[in-house]
Each structure stands twice: as structure tokens, then as C-alpha cells.
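Reviewing the structure listed below.
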Amino acid sequence: MLKYRDPGMNNSRSQKDKDKIMAAFNNARKKFELYEKFYLGLSQEAKKYLRHQSEQYKKILSDIQGIILSAVQKNCSACSHCCCNLDAPQIPICESVGWFGHVDYLLARCATILPDPCYENAERNLCPFWSDGCTLPPDCRSYRCTEYFCHRLESEIDMQLVYKYKEKIQSVITGFSIGQCMG
Ligand code: SF4
Ligand code: SF4
């Protein structure tokens, strides 16, 4: 079990809070590992269904990337504040690894081998997919990871357009049938 050793930007947190964060993170890790087990157990028929949905999901994520990329490249590489922390007050991401839920995990995982999460990152208050940038392919992020834009990015990106694409992602996720994957 990992211990929260370096509180990063949240030095003010009490040990009790840090223990709570790590307990949540360790649960998130278990949940994430179950998502992978579920994926590996899918039948060929289920994978056929999943592939179709996954292509839609990844296409929308790529489209969003096309809209935001120049602002992200310009700002994030020069930013001294990594916002992919586990316990940033406004965006606690330790409820699941990489912020994945079971549906977006399956959609992202389909036909792609994702990089191994670096769980030791949690000791430094960082997302397991962080290593000087996100290690996940841009079209394999979780839905929640498409939700957060800092004020700097928001001021440079056509957010109305992004919101339209986010609605499309949501409809792929809500229209997804876990039942079809369970046969
Ligand atoms: S999204 Fe904003 S806060 Fe996060 S790394 Fe980029 S510029 Fe920095
Ligand atoms: S998965 Fe990538 S974008 Fe999302 S919180 Fe982790 S490092 Fe950041």
C-alpha cells in the first residue's frame, strides 16, 4: 500500500486528510485493476460492439485535441503548476486512476495497450499517468480529463466548441450498453 509522503502543493493538509486521500487512491487502484480484468474477459462478440463505440469515442477526443492543442502546447509546457494532482482542492482525481469510470476505460482501452500507471506517483501527489506530461495517448483519456481547463486555457480556447464535442462524448458514454459487453 502506498503512503502519501510528499504533499506537493498541499502542505497544509493534516496527516489524517493525507491518509484519507491515500485510502481513496488505493481503492481507486483496485477499481482500475478490475476494469482491466473486465476488459480482458470480454467475448469476441462484445469486443466487436465495443470497437464500434470506441472508434466514435476516440474520434471525438482527437477532434477536441485538434481544438485545444496549440493552447495546451503553448501554456502547459511553460506552466510551473502541474494540475494533474491527486488532491488539488478543485479537482480531486483519486476517486479513480486517471479519472476513468468503467465505460470510458473500456472505450479508451479497446484496441490500445495503455501505458502502465506509475502508482508511485501518488507519493508525490501526482496522477499515475503523469510523467512530464500525460503518458496516455490523447485519444485515450478519460471523460473527466476532458473536463478540466484552467482559466488560462479557457481564455485562449473556443470553449463553446469544446462543450459541443463534450456533449457528443457524453452521448457515446450514456448510450453505451454494458449489458452487450456482458453477453
Ligand atoms: S492546464 Fe493550466 S494549470 Fe494545468 S498545466 Fe496547463 S497551463 Fe498549467
Ligand atoms: S490521465 Fe493524464 S490528463 Fe488525466 S489527470 Fe492523469 S496525467 Fe492528467
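How things are named: the first chain in the C-alpha cells is A, the next is B, and so on; residues count from 1 in each chain; ligands count from 1 in the order shown.
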Counting only C-alpha atoms and all ligand atoms, which protein, DNA or RNA residues come within 10 Å of ligand 1, given as a short mmCIF file (atom, residue, chain, number, x, y, z; two decimals) with C-alpha atoms, in the first residue's frame?
```
data_model
loop_
_atom_site.label_atom_id
_atom_site.label_comp_id
_atom_site.auth_asym_id
_atom_site.auth_seq_id
_atom_site.Cartn_x
_atom_site.Cartn_y
_atom_site.Cartn_z
CA ALA A 71 -3.09 26.44 -26.41
CA VAL A 72 -2.02 23.37 -24.40
CA GLN A 73 1.39 23.23 -26.05
CA LYS A 74 1.95 26.93 -25.52
CA ASN A 75 0.81 27.10 -21.89
CA CYS A 76 1.27 23.71 -20.27
CA SER A 77 4.89 23.19 -21.24
CA ALA A 78 5.75 26.55 -19.65
CA CYS A 79 3.49 26.13 -16.61
CA SER A 80 5.09 25.65 -13.23
CA HIS A 81 1.90 24.22 -11.74
CA CYS A 82 1.03 20.64 -12.73
CA CYS A 83 -2.75 20.40 -12.42
CA CYS A 84 -2.79 16.58 -12.56
CA ASN A 85 -2.54 16.31 -8.77
CA GLY A 133 3.04 15.36 -19.38
CA TYR A 148 -10.88 20.49 -16.69
CA PHE A 149 -9.44 23.63 -18.28
CA CYS A 150 -7.65 26.21 -16.20
CA HIS A 151 -8.56 29.87 -16.66
CA ARG A 152 -5.54 30.46 -18.84
CA LEU A 153 -6.57 27.75 -21.28
CA GLU A 154 -10.22 28.77 -21.16
#
```
- Residues within 12 Å of ligand 2, counting only C-alpha atoms and all ligand atoms: report them as a PyMOL selection string. chain A and resi 65+72+76+82-88+91-101+104-105+108+114-119+121-122+125-149
Could you dump the residues just selected with C-alpha atoms as a PDB file, in the first residue's frame?
```
ATOM      1  CA  GLN A  65      -7.346  17.668 -29.176  1.00  0.00           C
ATOM      2  CA  VAL A  72      -2.025  23.370 -24.399  1.00  0.00           C
ATOM      3  CA  CYS A  76       1.265  23.708 -20.265  1.00  0.00           C
ATOM      4  CA  CYS A  82       1.028  20.644 -12.735  1.00  0.00           C
ATOM      5  CA  CYS A  83      -2.746  20.396 -12.423  1.00  0.00           C
ATOM      6  CA  CYS A  84      -2.790  16.580 -12.556  1.00  0.00           C
ATOM      7  CA  ASN A  85      -2.538  16.311  -8.770  1.00  0.00           C
ATOM      8  CA  LEU A  86      -4.416  13.709  -6.792  1.00  0.00           C
ATOM      9  CA  ASP A  87      -5.855  16.113  -4.304  1.00  0.00           C
ATOM     10  CA  ALA A  88      -5.997  19.547  -5.854  1.00  0.00           C
ATOM     11  CA  ILE A  91     -10.387  18.527  -8.815  1.00  0.00           C
ATOM     12  CA  PRO A  92      -9.784  15.519  -6.588  1.00  0.00           C
ATOM     13  CA  ILE A  93      -8.699  12.808  -9.016  1.00  0.00           C
ATOM     14  CA  CYS A  94      -8.007   9.999  -6.601  1.00  0.00           C
ATOM     15  CA  GLU A  95     -11.524   8.606  -6.906  1.00  0.00           C
ATOM     16  CA  SER A  96     -10.282   6.557  -9.863  1.00  0.00           C
ATOM     17  CA  VAL A  97      -6.933   6.139 -11.604  1.00  0.00           C
ATOM     18  CA  GLY A  98      -6.672   8.610 -14.477  1.00  0.00           C
ATOM     19  CA  TRP A  99     -10.217   9.651 -13.585  1.00  0.00           C
ATOM     20  CA  PHE A 100     -11.605   6.674 -15.515  1.00  0.00           C
ATOM     21  CA  GLY A 101     -15.038   5.246 -14.980  1.00  0.00           C
ATOM     22  CA  ASP A 104     -14.690   5.333 -20.625  1.00  0.00           C
ATOM     23  CA  TYR A 105     -11.977   2.905 -19.537  1.00  0.00           C
ATOM     24  CA  ALA A 108     -10.173   4.039 -24.279  1.00  0.00           C
ATOM     25  CA  LEU A 114      -2.372   1.741 -22.376  1.00  0.00           C
ATOM     26  CA  PRO A 115       0.864   2.661 -20.606  1.00  0.00           C
ATOM     27  CA  ASP A 116       1.298   1.142 -17.167  1.00  0.00           C
ATOM     28  CA  PRO A 117       0.241   3.563 -14.436  1.00  0.00           C
ATOM     29  CA  CYS A 118       3.112   4.686 -12.252  1.00  0.00           C
ATOM     30  CA  TYR A 119       1.465   4.191  -8.855  1.00  0.00           C
ATOM     31  CA  ASN A 121       3.432   8.994  -8.416  1.00  0.00           C
ATOM     32  CA  ALA A 122       0.773   9.059  -5.715  1.00  0.00           C
ATOM     33  CA  ASN A 125       0.531  13.789  -5.167  1.00  0.00           C
ATOM     34  CA  LEU A 126       0.540  13.093  -8.902  1.00  0.00           C
ATOM     35  CA  CYS A 127      -1.714  11.158 -11.224  1.00  0.00           C
ATOM     36  CA  PRO A 128      -0.230   7.745 -12.107  1.00  0.00           C
ATOM     37  CA  PHE A 129      -0.298   8.724 -15.785  1.00  0.00           C
ATOM     38  CA  TRP A 130       1.829  11.799 -15.277  1.00  0.00           C
ATOM     39  CA  SER A 131       5.456  11.864 -16.385  1.00  0.00           C
ATOM     40  CA  ASP A 132       6.383  15.313 -17.544  1.00  0.00           C
ATOM     41  CA  GLY A 133       3.039  15.357 -19.378  1.00  0.00           C
ATOM     42  CA  CYS A 134       0.243  12.834 -19.686  1.00  0.00           C
ATOM     43  CA  THR A 135       1.507   9.408 -20.760  1.00  0.00           C
ATOM     44  CA  LEU A 136      -1.882   8.350 -22.163  1.00  0.00           C
ATOM     45  CA  PRO A 137      -2.438   8.788 -25.902  1.00  0.00           C
ATOM     46  CA  PRO A 138      -4.539  11.950 -26.443  1.00  0.00           C
ATOM     47  CA  ASP A 139      -7.497   9.926 -27.738  1.00  0.00           C
ATOM     48  CA  CYS A 140      -7.382   7.530 -24.765  1.00  0.00           C
ATOM     49  CA  ARG A 141      -8.112   9.912 -21.910  1.00  0.00           C
ATOM     50  CA  SER A 142     -10.994   9.587 -19.529  1.00  0.00           C
ATOM     51  CA  TYR A 143     -14.079  11.725 -19.972  1.00  0.00           C
ATOM     52  CA  ARG A 144     -13.241  13.633 -16.780  1.00  0.00           C
ATOM     53  CA  CYS A 145      -9.819  14.517 -18.150  1.00  0.00           C
ATOM     54  CA  THR A 146     -11.521  16.383 -20.966  1.00  0.00           C
ATOM     55  CA  GLU A 147     -13.487  18.423 -18.428  1.00  0.00           C
ATOM     56  CA  TYR A 148     -10.878  20.494 -16.693  1.00  0.00           C
ATOM     57  CA  PHE A 149      -9.439  23.626 -18.285  1.00  0.00           C
TER      58      PHE A 149
END
```
Please identify all polymer residues within 10 Å of Ile178 (chain A), counting only C-alpha atoms, omitting same-chain residues fewer than 6 positions from it, and present them as a short mmCIF file (atom, residue, chain, number, x, y, z; two decimals) with C-alpha atoms, in the first residue's frame.
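Result file follows (part-v8.cif):
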```
data_model
loop_
_atom_site.label_atom_id
_atom_site.label_comp_id
_atom_site.auth_asym_id
_atom_site.auth_seq_id
_atom_site.Cartn_x
_atom_site.Cartn_y
_atom_site.Cartn_z
CA ALA A 46 -18.61 -7.97 -27.01
CA LEU A 50 -17.05 -2.17 -28.06
CA HIS A 102 -15.71 1.72 -16.21
CA VAL A 103 -17.30 2.81 -19.51
CA LEU A 106 -13.36 0.25 -21.89
#
```
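The spacing separating CA of Tyr39 (chain A) from CA of Cys110 (chain A) amounts to 8.1 Å.
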- Assign secondary structure with DSSP using the backbone only, and return the residues of region 20-148 of chain A in helix (DSSP H, G or I) as an MDAnalysis selection string. chainID A and resid 20:40 44:76 97:99 102:109 119:124 138:140 144:146
Output as a short mmCIF file (atom, residue, chain, number, x, y, z; two decimals) with C-alpha atoms, in the first residue's frame all residues of chain A that backbone DSSP marks as strand (DSSP E).
```
data_model
loop_
_atom_site.label_atom_id
_atom_site.label_comp_id
_atom_site.auth_asym_id
_atom_site.auth_seq_id
_atom_site.Cartn_x
_atom_site.Cartn_y
_atom_site.Cartn_z
CA ASP A 87 -5.85 16.11 -4.30
CA ALA A 88 -6.00 19.55 -5.85
CA ILE A 91 -10.39 18.53 -8.81
CA PRO A 92 -9.78 15.52 -6.59
#
```
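Minimum atom-to-atom distances from A:Ser43, A:Met182, A:Arg124, A:Phe32 to Lys18 (chain A) were compared using only C-alpha atoms, and the lowest value belongs to A:Arg124.
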Contact residues around Tyr57 (chain A) with only C-alpha atoms at 8 Å, ignoring same-chain residues under 4 positions, as a short mmCIF file (atom, residue, chain, number, x, y, z; two decimals) with N, CA and C atoms, in the first residue's frame:
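What follows is the written file part04.cif:
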```
data_model
loop_
_atom_site.label_atom_id
_atom_site.label_comp_id
_atom_site.auth_asym_id
_atom_site.auth_seq_id
_atom_site.Cartn_x
_atom_site.Cartn_y
_atom_site.Cartn_z
N GLN A 53 -18.08 1.48 -30.70
CA GLN A 53 -18.29 2.62 -29.79
C GLN A 53 -16.97 3.33 -29.50
N LEU A 61 -12.43 12.56 -29.10
CA LEU A 61 -11.29 13.04 -28.31
C LEU A 61 -10.20 13.63 -29.21
N LEU A 107 -13.80 2.10 -23.39
CA LEU A 107 -13.74 2.80 -24.68
C LEU A 107 -12.31 3.19 -25.04
N ALA A 108 -11.56 3.63 -24.04
CA ALA A 108 -10.17 4.04 -24.28
C ALA A 108 -9.26 2.82 -24.46
N ASP A 139 -6.13 10.40 -27.49
CA ASP A 139 -7.50 9.93 -27.74
C ASP A 139 -7.89 8.80 -26.77
N ILE A 169 -19.35 13.32 -26.57
CA ILE A 169 -18.72 12.24 -25.79
C ILE A 169 -19.72 11.69 -24.79
N VAL A 172 -22.04 9.29 -26.28
CA VAL A 172 -21.45 7.96 -26.53
C VAL A 172 -21.41 7.17 -25.21
#
```
